[in-house]
>>> print(open('run-v3.txt').read())   # compact mmCIF, C-alpha atoms
# COMPACT_ATOMS: atom_id res chain seq x y z
CA MET A 63 28.12 23.19 -12.18
CA ASN A 64 26.08 20.05 -11.65
CA LYS A 65 26.93 16.87 -13.47
CA GLN A 66 25.18 13.59 -14.01
CA ILE A 67 27.30 10.70 -12.75
CA THR A 68 26.77 6.98 -13.10
CA LEU A 69 27.50 4.59 -10.27
CA THR A 70 27.07 0.85 -10.04
CA ILE A 71 25.59 0.54 -6.60
CA ASN A 72 25.15 -2.96 -5.25
CA GLY A 73 25.18 -4.29 -8.79
CA GLU A 74 22.64 -1.83 -10.12
CA ALA A 75 23.49 1.10 -12.43
CA ARG A 76 22.28 4.35 -10.93
CA ALA A 77 22.49 7.83 -12.44
CA VAL A 78 22.38 10.84 -10.20
CA GLU A 79 22.99 14.56 -10.58
CA VAL A 80 25.64 15.92 -8.24
CA GLY A 81 27.41 19.19 -7.59
CA PRO A 82 31.21 19.38 -7.42
CA THR A 83 31.17 19.80 -3.64
CA ASP A 84 28.72 16.98 -2.86
CA ILE A 85 30.15 14.32 -0.57
CA LEU A 86 29.59 10.70 -1.57
CA LEU A 87 28.12 9.81 1.84
CA ASP A 88 25.46 12.53 1.55
CA VAL A 89 24.59 11.55 -2.01
CA LEU A 90 24.21 7.89 -1.04
CA ARG A 91 21.96 8.73 1.89
CA GLU A 92 19.98 11.72 0.66
CA LYS A 93 19.78 11.31 -3.10
CA LEU A 94 19.92 7.54 -3.46
CA GLY A 95 18.19 6.48 -0.25
CA ILE A 96 20.96 4.17 0.91
CA LYS A 97 21.06 4.60 4.66
CA SER A 98 23.45 1.95 5.92
CA PRO A 99 26.54 4.18 5.66
CA LYS A 100 26.23 6.30 8.80
CA ILE A 101 27.09 9.92 9.40
CA GLY A 102 29.53 9.79 12.29
CA CYS A 103 32.56 12.03 12.64
CA GLU A 104 32.59 13.21 9.01
CA ARG A 105 36.36 13.53 9.13
CA GLY A 106 37.57 10.01 8.46
CA ASP A 107 38.13 8.97 12.05
CA CYS A 108 35.23 6.69 12.94
CA GLY A 109 34.61 4.42 9.94
CA ALA A 110 30.81 4.51 10.31
CA CYS A 111 30.46 5.74 6.70
CA THR A 112 32.53 2.87 5.25
CA VAL A 113 31.51 1.57 1.82
CA LEU A 114 33.39 -0.65 -0.62
CA LEU A 115 34.61 1.25 -3.68
CA ASP A 116 35.65 -1.26 -6.36
CA GLY A 117 35.89 -3.81 -3.56
CA LYS A 118 38.05 -1.71 -1.25
CA SER A 119 36.83 -0.19 1.99
CA VAL A 120 36.84 3.60 1.90
CA ARG A 121 35.48 6.49 3.90
CA SER A 122 32.51 7.82 1.95
CA CYS A 123 32.70 11.03 4.01
CA LEU A 124 36.10 11.83 2.47
CA ILE A 125 35.19 11.25 -1.16
CA LEU A 126 33.45 13.66 -3.49
CA ALA A 127 30.51 11.97 -5.17
CA ILE A 128 31.86 13.13 -8.51
CA GLU A 129 35.10 11.20 -7.90
CA ALA A 130 33.09 7.99 -7.78
CA ASP A 131 31.70 8.51 -11.31
CA GLY A 132 31.93 5.22 -13.19
CA HIS A 133 32.91 3.17 -10.13
CA LYS A 134 31.30 0.28 -8.27
CA ILE A 135 30.00 0.81 -4.77
CA THR A 136 28.91 -1.89 -2.38
CA THR A 137 27.05 -1.13 0.81
CA LEU A 138 25.52 -3.36 3.45
CA GLU A 139 22.27 -3.36 1.45
CA GLY A 140 24.15 -5.03 -1.40
CA LEU A 141 25.89 -7.61 0.76
CA SER A 142 22.68 -8.90 2.28
CA ARG A 143 20.51 -8.69 -0.81
CA ASN A 144 20.14 -12.47 -0.89
CA GLY A 145 19.96 -12.94 2.85
CA LEU A 146 22.56 -12.46 5.55
CA THR A 147 26.15 -13.43 4.74
CA PRO A 148 27.93 -15.99 6.96
CA LEU A 149 29.81 -13.05 8.46
CA GLN A 150 26.59 -11.27 9.40
CA GLU A 151 25.16 -14.51 10.83
CA SER A 152 28.31 -14.82 12.90
CA PHE A 153 27.93 -11.27 14.22
CA LEU A 154 24.35 -12.13 15.27
CA LYS A 155 25.43 -15.37 16.91
CA HIS A 156 28.17 -13.68 18.91
CA SER A 157 25.97 -10.70 19.90
CA SER A 158 28.70 -8.57 18.40
CA PHE A 159 26.79 -5.31 18.33
CA GLN A 160 24.76 -3.33 20.80
CA CYS A 161 23.61 -0.02 19.36
CA GLY A 162 24.61 -1.09 15.87
CA PHE A 163 25.75 2.30 14.62
CA CYS A 164 29.21 0.99 13.71
CA ALA A 165 27.87 -2.31 12.37
CA PRO A 166 27.62 -1.53 8.63
CA GLY A 167 31.17 -0.18 8.57
CA ILE A 168 32.62 -3.06 10.55
CA VAL A 169 30.80 -5.68 8.47
CA LEU A 170 32.18 -4.12 5.28
CA SER A 171 35.73 -3.81 6.65
CA ALA A 172 35.64 -7.45 7.75
CA THR A 173 34.16 -8.48 4.40
CA GLU A 174 37.11 -6.88 2.64
CA LEU A 175 39.51 -8.64 5.02
CA LEU A 176 38.00 -12.09 4.46
CA ALA A 177 37.98 -11.60 0.70
CA LYS A 178 41.71 -10.86 0.86
CA HIS A 179 42.72 -13.23 3.67
CA PRO A 180 40.22 -16.07 4.17
CA HIS A 181 42.02 -17.13 7.36
CA PRO A 182 43.32 -14.00 9.01
CA SER A 183 45.33 -13.97 12.22
CA GLU A 184 43.93 -12.13 15.22
CA GLU A 185 46.38 -9.33 14.47
CA GLU A 186 45.08 -9.06 10.91
CA ILE A 187 41.49 -8.98 12.20
CA LYS A 188 42.36 -6.19 14.61
CA GLU A 189 44.19 -4.28 11.88
CA SER A 190 41.22 -4.60 9.51
CA ILE A 191 38.83 -2.93 11.93
CA SER A 192 41.36 -0.51 13.42
CA GLY A 193 39.63 2.38 11.67
CA ASN A 194 36.12 1.47 12.82
CA LEU A 195 35.18 2.82 16.22
CA CYS A 196 32.70 0.89 18.38
CA ARG A 197 31.74 2.53 21.65
CA CYS A 198 29.59 -0.32 22.99
CA THR A 199 31.27 -3.68 22.85
CA GLY A 200 34.97 -3.33 23.55
CA TYR A 201 35.54 -5.11 20.19
CA LYS A 202 35.97 -8.60 21.67
CA PRO A 203 32.71 -10.12 20.36
CA ILE A 204 33.39 -8.49 16.99
CA ILE A 205 36.83 -10.06 16.72
CA GLU A 206 35.40 -13.41 17.83
CA ALA A 207 32.67 -13.27 15.19
CA ILE A 208 35.17 -12.61 12.40
CA ALA A 209 37.51 -15.35 13.64
CA ALA A 210 34.59 -17.79 13.81
CA VAL A 211 33.82 -17.31 10.11
CA SER A 212 37.44 -18.02 9.26
CA ASN A 213 37.45 -21.16 11.46
CA ALA A 214 34.15 -22.40 10.02
CA ARG A 215 35.57 -22.05 6.52
CA ARG A 216 38.65 -24.00 7.53
CA LYS A 217 36.48 -26.86 8.83
CA SER A 218 34.33 -27.00 5.73
CA VAL A 219 37.34 -27.36 3.41
CA MET B 211 28.39 17.41 5.99
CA ALA B 212 27.70 19.62 3.11
CA ILE B 213 30.80 21.53 2.10
CA ALA B 214 30.01 25.19 2.60
CA HIS B 215 32.67 26.45 0.23
CA ASP B 216 32.05 26.23 -3.51
CA PHE B 217 34.75 25.05 -5.87
CA GLU B 218 35.11 23.78 -9.38
CA TYR B 219 36.01 20.12 -9.82
CA LEU B 220 38.44 19.56 -12.68
CA LYS B 221 39.78 16.23 -13.82
CA PRO B 222 42.52 16.63 -16.42
CA GLY B 223 43.32 13.60 -18.57
CA THR B 224 46.99 14.40 -19.02
CA LEU B 225 49.83 15.76 -16.93
CA ARG B 226 50.22 18.66 -19.34
CA GLU B 227 46.61 19.67 -18.92
CA ALA B 228 46.91 19.34 -15.13
CA VAL B 229 49.94 21.64 -15.08
CA ARG B 230 48.16 24.17 -17.30
CA THR B 231 45.12 24.14 -15.04
CA LEU B 232 47.21 24.45 -11.88
CA ALA B 233 49.20 27.31 -13.39
CA ARG B 234 45.99 29.11 -14.33
CA TYR B 235 44.54 28.94 -10.81
CA GLY B 236 47.83 29.24 -8.91
CA PRO B 237 47.32 29.20 -5.14
CA ARG B 238 43.54 29.04 -5.66
CA ALA B 239 43.86 25.42 -6.82
CA ARG B 240 44.50 22.28 -4.81
CA VAL B 241 45.56 18.91 -6.18
CA LEU B 242 43.30 15.98 -5.27
CA ALA B 243 44.64 12.43 -5.20
CA GLY B 244 43.27 10.25 -2.36
CA GLY B 245 41.57 13.22 -0.74
CA THR B 246 41.84 11.93 2.82
CA ASP B 247 43.61 15.12 3.88
CA LEU B 248 42.22 17.60 1.36
CA ILE B 249 38.52 16.82 1.76
CA THR B 250 38.87 17.01 5.54
CA LEU B 251 40.61 20.39 5.24
CA ILE B 252 37.94 21.77 2.91
CA GLY B 253 35.14 20.34 5.07
CA GLU B 254 36.55 22.04 8.13
CA ALA B 255 37.17 25.31 6.26
CA MET B 256 40.94 25.04 6.67
CA ALA B 257 41.32 25.09 2.90
CA ALA B 258 39.11 27.03 0.50
CA PRO B 259 40.29 26.39 -3.05
CA ASP B 260 38.42 27.71 -6.08
CA ALA B 261 39.47 24.64 -8.04
CA VAL B 262 40.05 21.06 -6.99
CA VAL B 263 42.21 19.36 -9.59
CA ASP B 264 41.74 15.58 -9.48
CA ILE B 265 44.84 13.86 -10.89
CA LYS B 266 43.30 10.38 -10.88
CA GLY B 267 42.55 10.68 -14.58
CA ILE B 268 46.25 10.86 -15.49
CA SER B 269 47.58 7.50 -16.55
CA GLY B 270 50.87 6.07 -15.36
CA LEU B 271 50.90 7.68 -11.92
CA ASP B 272 49.64 4.57 -10.14
CA ARG B 273 52.73 2.45 -10.65
CA ILE B 274 55.32 0.99 -8.32
CA GLU B 275 58.41 0.17 -10.37
CA PHE B 276 61.81 -1.17 -9.39
CA LYS B 277 64.51 -0.90 -12.03
CA ASN B 278 68.30 -0.79 -11.76
CA GLY B 279 68.21 -0.34 -8.02
CA ALA B 280 65.72 2.54 -8.13
CA LEU B 281 62.20 2.32 -6.74
CA SER B 282 59.64 4.68 -8.29
CA ILE B 283 56.38 5.29 -6.51
CA GLY B 284 53.82 7.21 -8.55
CA ALA B 285 51.68 9.98 -7.09
CA LEU B 286 48.56 7.80 -7.15
CA VAL B 287 50.09 4.82 -5.35
CA THR B 288 48.17 4.27 -2.13
CA PHE B 289 49.50 2.98 1.17
CA SER B 290 47.52 -0.23 0.58
CA ASP B 291 49.27 -0.63 -2.79
CA LEU B 292 52.61 -0.31 -0.99
CA ARG B 293 51.53 -2.70 1.76
CA ASP B 294 50.48 -5.35 -0.77
CA SER B 295 53.46 -4.92 -3.11
CA PRO B 296 55.85 -7.93 -3.23
CA ILE B 297 58.70 -5.69 -4.37
CA ILE B 298 58.24 -3.39 -1.36
CA ALA B 299 58.08 -6.38 1.00
CA LYS B 300 61.28 -7.78 -0.50
CA LYS B 301 63.43 -4.72 -1.10
CA PHE B 302 62.06 -2.07 1.27
CA PRO B 303 60.47 -3.99 4.16
CA VAL B 304 60.68 -0.92 6.40
CA ILE B 305 58.25 0.91 4.10
CA ARG B 306 55.85 -1.99 4.58
CA GLU B 307 56.51 -1.86 8.32
CA MET B 308 55.50 1.81 8.32
CA THR B 309 52.28 1.23 6.34
CA GLY B 310 51.07 -1.24 8.98
CA TRP B 311 50.90 1.53 11.58
CA LEU B 312 49.65 4.24 9.28
CA ALA B 313 45.96 4.99 9.77
CA SER B 314 43.68 2.04 8.94
CA PRO B 315 42.79 0.08 5.78
CA GLY B 316 39.87 2.39 4.96
CA ILE B 317 42.28 5.34 4.79
CA ARG B 318 45.23 3.41 3.32
CA ASN B 319 43.04 2.29 0.42
CA ARG B 320 42.75 5.92 -0.62
CA ALA B 321 45.62 7.93 0.86
CA THR B 322 48.79 8.16 -1.24
CA MET B 323 52.41 8.33 -0.13
CA VAL B 324 53.12 11.29 -2.39
CA GLY B 325 50.01 13.02 -1.03
CA ASN B 326 51.36 12.43 2.47
CA LEU B 327 54.55 14.25 1.44
CA CYS B 328 52.57 17.07 -0.19
CA SER B 329 50.35 17.55 2.88
CA ALA B 330 53.65 17.96 4.72
CA VAL B 331 52.23 17.74 8.21
CA PRO B 332 54.99 17.39 10.83
CA CYS B 333 53.70 13.95 11.85
CA CYS B 334 53.66 12.45 8.34
CA ASP B 335 55.13 8.94 8.49
CA SER B 336 56.36 8.81 4.88
CA GLY B 337 58.81 11.69 5.37
CA PRO B 338 61.16 10.20 7.97
CA ILE B 339 61.18 6.79 6.26
CA LEU B 340 62.05 8.22 2.84
CA MET B 341 64.56 10.64 4.33
CA VAL B 342 66.96 7.91 5.45
CA TYR B 343 67.06 6.72 1.84
CA ASP B 344 67.68 10.25 0.49
CA ALA B 345 64.55 9.99 -1.63
CA VAL B 346 63.90 12.43 -4.46
CA ILE B 347 60.50 13.86 -5.41
CA GLN B 348 59.62 14.19 -9.06
CA VAL B 349 57.83 17.38 -9.94
CA ALA B 350 56.16 18.49 -13.17
CA GLY B 351 55.44 22.15 -13.79
CA PRO B 352 55.13 24.90 -16.38
CA ALA B 353 58.94 24.99 -16.75
CA GLY B 354 59.17 21.23 -17.26
CA LYS B 355 60.20 18.49 -14.91
CA ARG B 356 62.51 18.79 -11.93
CA LYS B 357 63.70 16.63 -9.08
CA VAL B 358 63.65 17.80 -5.48
CA PRO B 359 65.66 15.97 -2.82
CA LEU B 360 63.41 15.23 0.15
CA SER B 361 65.90 17.14 2.33
CA ASP B 362 64.91 20.31 0.45
CA TRP B 363 61.21 19.49 0.14
CA PHE B 364 59.69 20.71 3.41
CA VAL B 365 59.78 24.42 4.17
CA GLY B 366 57.33 24.57 7.06
CA PRO B 367 54.41 22.75 8.61
CA ARG B 368 52.05 21.97 5.69
CA LYS B 369 54.44 23.79 3.32
CA THR B 370 56.59 22.41 0.52
CA VAL B 371 58.78 23.94 -2.18
CA LEU B 372 56.13 23.31 -4.86
CA LYS B 373 55.65 26.42 -7.00
CA ARG B 374 52.70 27.74 -8.97
CA GLY B 375 51.49 25.20 -11.49
CA GLU B 376 53.62 22.39 -10.13
CA VAL B 377 52.46 18.92 -9.16
CA ALA B 378 54.41 16.09 -7.55
CA THR B 379 54.24 13.07 -9.86
CA GLY B 380 56.20 10.54 -7.84
CA VAL B 381 59.04 9.76 -5.49
CA VAL B 382 62.20 7.83 -6.28
CA VAL B 383 64.10 5.81 -3.69
CA LEU B 384 67.51 4.27 -4.39
CA LEU B 385 68.23 0.90 -2.85
CA PRO B 386 71.49 1.29 -0.89
CA LYS B 387 74.32 -0.59 -2.60
CA LYS B 388 75.73 -1.85 0.70
CA LYS B 389 74.03 -4.57 2.67
CA HIS B 390 71.47 -2.87 4.89
CA ALA B 391 68.48 -3.18 7.18
CA ALA B 392 66.13 -0.66 8.72
CA CYS B 393 63.65 -0.08 11.50
CA PHE B 394 60.69 2.25 12.04
CA VAL B 395 59.55 2.93 15.59
CA LYS B 396 56.31 4.88 16.01
CA LEU B 397 54.96 6.16 19.30
CA ARG B 398 51.16 6.28 19.48
CA ARG B 399 48.66 6.83 22.26
CA TYR B 400 47.00 3.48 21.70
CA GLU B 401 47.13 0.48 19.41
CA GLY B 402 45.09 1.03 16.28
CA GLU B 403 44.72 4.14 14.23
CA ASP B 404 46.66 7.12 15.55
CA LEU B 405 49.03 9.78 14.33
CA ALA B 406 52.63 9.61 15.50
CA GLN B 407 53.44 11.34 18.77
CA ALA B 408 57.02 10.79 17.67
CA SER B 409 58.83 8.41 15.36
CA VAL B 410 62.38 7.24 14.76
CA THR B 411 63.66 5.60 11.59
CA VAL B 412 67.06 3.90 11.49
CA LEU B 413 68.80 2.60 8.39
CA ALA B 414 71.83 0.46 9.26
CA LEU B 415 74.42 -0.09 6.54
CA ALA B 416 77.22 -2.65 6.51
CA GLY B 417 80.40 -1.18 8.01
CA ASN B 418 78.71 0.42 11.03
CA SER B 419 77.17 3.27 9.11
CA TYR B 420 73.76 4.61 10.11
CA ARG B 421 71.09 6.95 8.77
CA VAL B 422 68.67 8.26 11.39
CA SER B 423 65.57 10.43 11.12
CA PHE B 424 62.86 11.68 13.44
CA GLY B 425 59.20 12.44 12.75
CA SER B 426 56.61 14.51 14.63
CA VAL B 427 59.23 16.31 16.73
CA ALA B 428 60.13 19.28 14.49
CA PRO B 429 58.28 21.48 11.96
CA TRP B 430 58.99 18.71 9.43
CA PRO B 431 60.72 15.31 9.45
CA VAL B 432 64.44 15.69 10.16
CA ARG B 433 67.62 13.74 9.53
CA ALA B 434 69.89 13.43 12.58
CA HIS B 435 73.25 14.25 11.02
CA LYS B 436 75.12 14.74 14.31
CA ILE B 437 74.01 11.35 15.58
CA GLU B 438 74.94 9.77 12.25
CA ALA B 439 78.42 11.34 12.42
CA LEU B 440 78.93 10.07 15.96
CA LEU B 441 77.94 6.52 15.01
CA GLU B 442 79.90 6.41 11.74
CA GLY B 443 82.34 3.51 11.71
CA GLN B 444 81.82 2.70 15.39
CA GLN B 445 80.77 -0.65 16.73
CA LEU B 446 77.32 -0.19 18.31
CA SER B 447 77.42 -0.51 22.09
CA ASP B 448 75.32 0.63 25.02
CA SER B 449 77.79 3.41 25.81
CA LEU B 450 77.77 4.61 22.19
CA ILE B 451 73.96 4.59 22.16
CA ARG B 452 73.98 6.64 25.38
CA LYS B 453 76.20 9.20 23.69
CA ALA B 454 73.90 9.23 20.68
CA ALA B 455 70.88 9.76 22.92
CA GLN B 456 72.62 12.77 24.47
CA LEU B 457 72.63 14.38 21.01
CA VAL B 458 68.86 13.96 20.54
CA PRO B 459 68.04 17.41 22.02
CA GLU B 460 70.35 18.96 19.40
CA GLU B 461 68.50 17.24 16.56
CA ILE B 462 64.82 17.79 17.35
CA THR B 463 62.52 20.57 18.59
CA PRO B 464 59.37 18.87 19.88
CA ILE B 465 56.37 20.88 21.01
CA THR B 466 53.56 20.19 23.45
CA ASP B 467 50.20 19.59 21.82
CA ILE B 468 47.07 17.51 22.27
CA ARG B 469 48.94 14.26 21.63
CA ALA B 470 51.96 14.61 23.93
CA THR B 471 54.16 17.01 25.87
CA LYS B 472 57.52 18.11 24.50
CA GLU B 473 59.28 16.52 27.49
CA TYR B 474 57.62 13.14 26.83
CA ARG B 475 58.44 13.32 23.14
CA MET B 476 62.07 14.16 23.88
CA HIS B 477 62.41 11.34 26.38
CA MET B 478 60.72 8.79 24.16
CA CYS B 479 62.86 9.73 21.16
CA CYS B 480 65.92 8.67 23.18
CA VAL B 481 64.22 5.39 24.13
CA MET B 482 63.12 4.75 20.55
CA LEU B 483 66.55 5.63 19.17
CA ASN B 484 68.07 3.02 21.45
CA ARG B 485 65.61 0.32 20.39
CA GLY B 486 65.67 1.31 16.73
CA LEU B 487 69.46 1.22 16.52
CA LYS B 488 69.59 -2.19 18.18
CA ALA B 489 66.78 -3.64 16.07
CA ALA B 490 68.15 -2.35 12.75
CA THR B 491 71.63 -3.63 13.63
CA ALA B 492 70.24 -7.03 14.62
CA ARG B 493 68.22 -7.20 11.41
CA LEU B 494 71.36 -6.40 9.44
CA ALA B 495 72.94 -9.44 11.08
CA GLY B 496 69.99 -11.56 10.01
CA ALA B 497 68.40 -11.61 13.46
CA GLY B 498 66.30 -9.11 15.38
CA PRO B 499 62.55 -8.65 15.51
CA GLU B 500 60.55 -9.41 12.38
CA TYR B 501 59.52 -6.35 10.38
CA GLY B 502 56.15 -5.23 11.68
CA THR B 503 56.96 -6.02 15.31
CA SER B 504 56.19 -3.03 17.49
CA LEU B 505 59.17 -2.07 19.65
CA ILE B 506 57.21 0.28 21.86
>>> encode(input="run-v3.txt", output="structure tokens")
Amino acid sequence: MNKQITLTINGEARAVEVGPTDILLDVLREKLGIKSPKIGCERGDCGACTVLLDGKSVRSCLILAIEADGHKITTLEGLSRNGLTPLQESFLKHSSFQCGFCAPGIVLSATELLAKHPHPSEEEIKESISGNLCRCTGYKPIIEAIAAVSNARRKSV
Amino acid sequence: MAIAHDFEYLKPGTLREAVRTLARYGPRARVLAGGTDLITLIGEAMAAPDAVVDIKGISGLDRIEFKNGALSIGALVTFSDLRDSPIIAKKFPVIREMTGWLASPGIRNRATMVGNLCSAVPCCDSGPILMVYDAVIQVAGPAGKRKVPLSDWFVGPRKTVLKRGEVATGVVVLLPKKKHAACFVKLRRYEGEDLAQASVTVLALAGNSYRVSFGSVAPWPVRAHKIEALLEGQQLSDSLIRKAAQLVPEEITPITDIRATKEYRMHMCCVMLNRGLKAATARLAGAGPEYGTSLI
């Protein structure tokens, strides 16, 4: 039986009708037109579908849309609504992505990390993106970009 | 990926209602907490429930409490909750050590420890850790509440003793009364997110007493009682560890699969037992590697 659910997506209340078996990722992309979460492995391995649910990174491919009823979802579209964040600028500066398929997921995972630990160690950076696969870069420029944001913050304090 | 199999989604507001719903559907219902296992299983047609019963609407199951030496972890407590908990870091640092190598933040933010026990896959990391503490699972069902020792919990790969209408509501871990320290050693194919190829957990208690368990090398996590008996009361030495390692083949039954061969698992369990025993013993003496340091 279909049900109308209400989500706060990127700060905006959205109502959408979903079936019990609808996956959050599909609803975001197909019913709500939010395309930054990518369809990758669809089994929780690759992290390309990462969104923030109440501020925490989650796999939108492993969540039923109906489970998210009443919750807040942030996607890349929401992060960069008022221009690129310092983290995104840093990714650009360090040429951290090639094909870009993993980018939305990695940006969101790193956003969660920096919100929790403004000055993470390299180990913490690696841990934060350990569930986001990138097949282009070998991760080094990604780790450097995240570390650079932390260092820049330290200097500005 | 659209899920091909239809099911009803039910979200009871109380434990009582959840039990009633689960009893009504019996084996045709599956409990949903974090969903990281269940949704994958349904998506890949390895589970086909008629009803998915989401327990996230039941209050009180998301708590970590430590009272009178007993740690209670509710069924909705995620691995991230455990990782961020000051009480876990202080009293059960080995649980925190385990969470650092379990999947990745995006999974840990959702996956629950009790769900890990209910999924009951042979490579679950919660099982071996909780086993050395003789943890007890709290179960609610049509006949009321009952407690199941973790040693009786697993009955096969992906199978537990849960009966029709029952739901696990939490797990209770007693802090050992004696001075103690522990160590979790997990073998993976690469750094980053991977399931255990094999794991060893050692709990060292004052007075040269040890609790040892293995993960991913038997149909379910196992306690190594013969090794524990050998070590009991003995001062740890290289020759004693060699004798303990000789007992490893009597404790575990590894298989060959996509992640490792049985021979490699067997060999590495001996190596990890050696390092785990030494690290736990050193930690007990106030030295040894910091919790979270990989020994492999």
>>> closest_atom_pairs(input="run-v3.txt", of="chain B", to="chain A", cutoff="12 Å", atoms="all atoms listed in the file", output="CSV")
residue,atom,partner,partner_atom,distance
B:Met211,CA,A:Glu104,CA,6.7
B:Ala212,CA,A:Asp84,CA,6.6
B:Ile213,CA,A:Thr83,CA,6.0
B:Ala214,CA,A:Thr83,CA,8.3
B:His215,CA,A:Thr83,CA,7.8
B:Asp216,CA,A:Thr83,CA,6.5
B:Phe217,CA,A:Thr83,CA,6.7
B:Glu218,CA,A:Pro82,CA,6.2
B:Tyr219,CA,A:Pro82,CA,5.4
B:Leu220,CA,A:Pro82,CA,8.9
B:Lys221,CA,A:Glu129,CA,9.1
B:Leu242,CA,A:Glu129,CA,9.8
B:Ala243,CA,A:Glu129,CA,10.0
B:Gly244,CA,A:Ile125,CA,8.2
B:Gly245,CA,A:Leu124,CA,6.5
B:Thr246,CA,A:Leu124,CA,5.8
B:Asp247,CA,A:Leu124,CA,8.3
B:Leu248,CA,A:Leu124,CA,8.5
B:Ile249,CA,A:Leu124,CA,5.6
B:Thr250,CA,A:Arg105,CA,5.6
B:Leu251,CA,A:Arg105,CA,9.0
B:Ile252,CA,A:Thr83,CA,9.6
B:Gly253,CA,A:Arg105,CA,8.0
B:Glu254,CA,A:Arg105,CA,8.6
B:Ala258,CA,A:Thr83,CA,11.5
B:Pro259,CA,A:Thr83,CA,11.3
B:Asp260,CA,A:Thr83,CA,11.0
B:Ala261,CA,A:Pro82,CA,9.8
B:Val262,CA,A:Pro82,CA,9.0
B:Val263,CA,A:Glu129,CA,11.0
B:Asp264,CA,A:Glu129,CA,8.1
B:Ile265,CA,A:Glu129,CA,10.5
B:Lys266,CA,A:Glu129,CA,8.8
B:Gly267,CA,A:Glu129,CA,10.0
B:Thr288,CA,A:Lys118,CA,11.8
B:Ser290,CA,A:Lys118,CA,9.8
B:Asp291,CA,A:Lys118,CA,11.4
B:Asp294,CA,A:Lys178,CA,10.5
B:Thr309,CA,A:Glu189,CA,11.2
B:Gly310,CA,A:Glu189,CA,8.1
B:Trp311,CA,A:Glu189,CA,8.9
B:Leu312,CA,A:Ser192,CA,10.4
B:Ala313,CA,A:Gly193,CA,7.1
B:Ser314,CA,A:Gly193,CA,4.9
B:Pro315,CA,A:Ser190,CA,6.2
B:Gly316,CA,A:Val120,CA,4.5
B:Ile317,CA,A:Val120,CA,6.4
B:Arg318,CA,A:Val120,CA,8.5
B:Asn319,CA,A:Val120,CA,6.5
B:Arg320,CA,A:Val120,CA,6.8
B:Ala321,CA,A:Val120,CA,9.8
B:Tyr400,CA,A:Ser192,CA,10.8
B:Glu401,CA,A:Ser192,CA,8.4
B:Gly402,CA,A:Ser192,CA,4.9
B:Glu403,CA,A:Ser192,CA,5.8
B:Asp404,CA,A:Gly193,CA,9.3
B:Leu405,CA,A:Asp107,CA,11.2
B:Gly502,CA,A:Glu185,CA,11.0
B:Thr503,CA,A:Glu185,CA,11.1
>>> closest_residue(input="run-v3.txt", among="A:Pro182, A:Pro148, A:Gly140, A:Gly162", to="A:Val211", atoms="all atoms listed in the file")
A:Pro148
>>> residues_around(input="run-v3.txt", residues="stretch 486-499 of chain B", least_positions_apart="2", cutoff="9 Å", atoms="only C-alpha atoms", output="MDAnalysis selection string")
chainID B and resid 389:395 410:416 418 420 422 446:447 451 481:484 501:505
>>> atom_distance(input="run-v3.txt", atom1="atom CA of B:Arg230", atom2="atom CA of B:Gly375")
6.8 Å
>>> atom_distance(input="run-v3.txt", atom1="atom CA of B:Val427", atom2="atom CA of B:Arg398")
13.2 Å
>>> residues_around(input="run-v3.txt", residues="B:Val346", least_positions_apart="6", cutoff="10 Å", atoms="only C-alpha atoms", output="short mmCIF file (atom, residue, chain, number, x, y, z; two decimals) with C-alpha atoms, in the frame of the given file")
data_model
loop_
_atom_site.label_atom_id
_atom_site.label_comp_id
_atom_site.auth_asym_id
_atom_site.auth_seq_id
_atom_site.Cartn_x
_atom_site.Cartn_y
_atom_site.Cartn_z
CA SER B 282 59.64 4.68 -8.29
CA LEU B 340 62.05 8.22 2.84
CA ARG B 356 62.51 18.79 -11.93
CA LYS B 357 63.70 16.63 -9.08
CA VAL B 358 63.65 17.80 -5.48
CA PRO B 359 65.66 15.97 -2.82
CA LEU B 360 63.41 15.23 0.15
CA SER B 361 65.90 17.14 2.33
CA ASP B 362 64.91 20.31 0.45
CA TRP B 363 61.21 19.49 0.14
CA GLY B 380 56.20 10.54 -7.84
CA VAL B 381 59.04 9.76 -5.49
CA VAL B 382 62.20 7.83 -6.28
CA VAL B 383 64.10 5.81 -3.69
CA LEU B 384 67.51 4.27 -4.39
#
>>> atom_distance(input="run-v3.txt", atom1="atom CA of A:Thr136", atom2="atom CA of B:Pro296")
27.6 Å
>>> closest_residue(input="run-v3.txt", among="B:Gly337, B:Gly325, B:Gly279, B:Gly366", to="B:Met308", atoms="only C-alpha atoms")
B:Gly337
>>> residues_around(input="run-v3.txt", residues="A:Lys155", least_positions_apart="5", cutoff="10 Å", atoms="only C-alpha atoms", output="list in words")
Leu149, Gln150, Pro203, Ala207 and Ala210 of chain A
>>> residues_around(input="run-v3.txt", residues="B:His477", least_positions_apart="3", cutoff="10 Å", atoms="all atoms listed in the file", output="list in words")
Ala455, Val458, Pro459, Lys472, Glu473, Tyr474, Cys480, Val481 and Met482 of chain B
>>> write_last_selection(input="run-v3.txt", atoms="C-alpha atoms", output="CSV table (one decimal), keeping the file's coordinate frame")
chain,number,residue,atom,x,y,z
B,455,ALA,CA,70.9,9.8,22.9
B,458,VAL,CA,68.9,14.0,20.5
B,459,PRO,CA,68.0,17.4,22.0
B,472,LYS,CA,57.5,18.1,24.5
B,473,GLU,CA,59.3,16.5,27.5
B,474,TYR,CA,57.6,13.1,26.8
B,480,CYS,CA,65.9,8.7,23.2
B,481,VAL,CA,64.2,5.4,24.1
B,482,MET,CA,63.1,4.8,20.6
>>> residues_near_point(input="run-v3.txt", point="(24.4, -7.5, 23.4)", cutoff="12 Å", atoms="only C-alpha atoms", output="ChimeraX atom specification")
/A:153-162,198-204
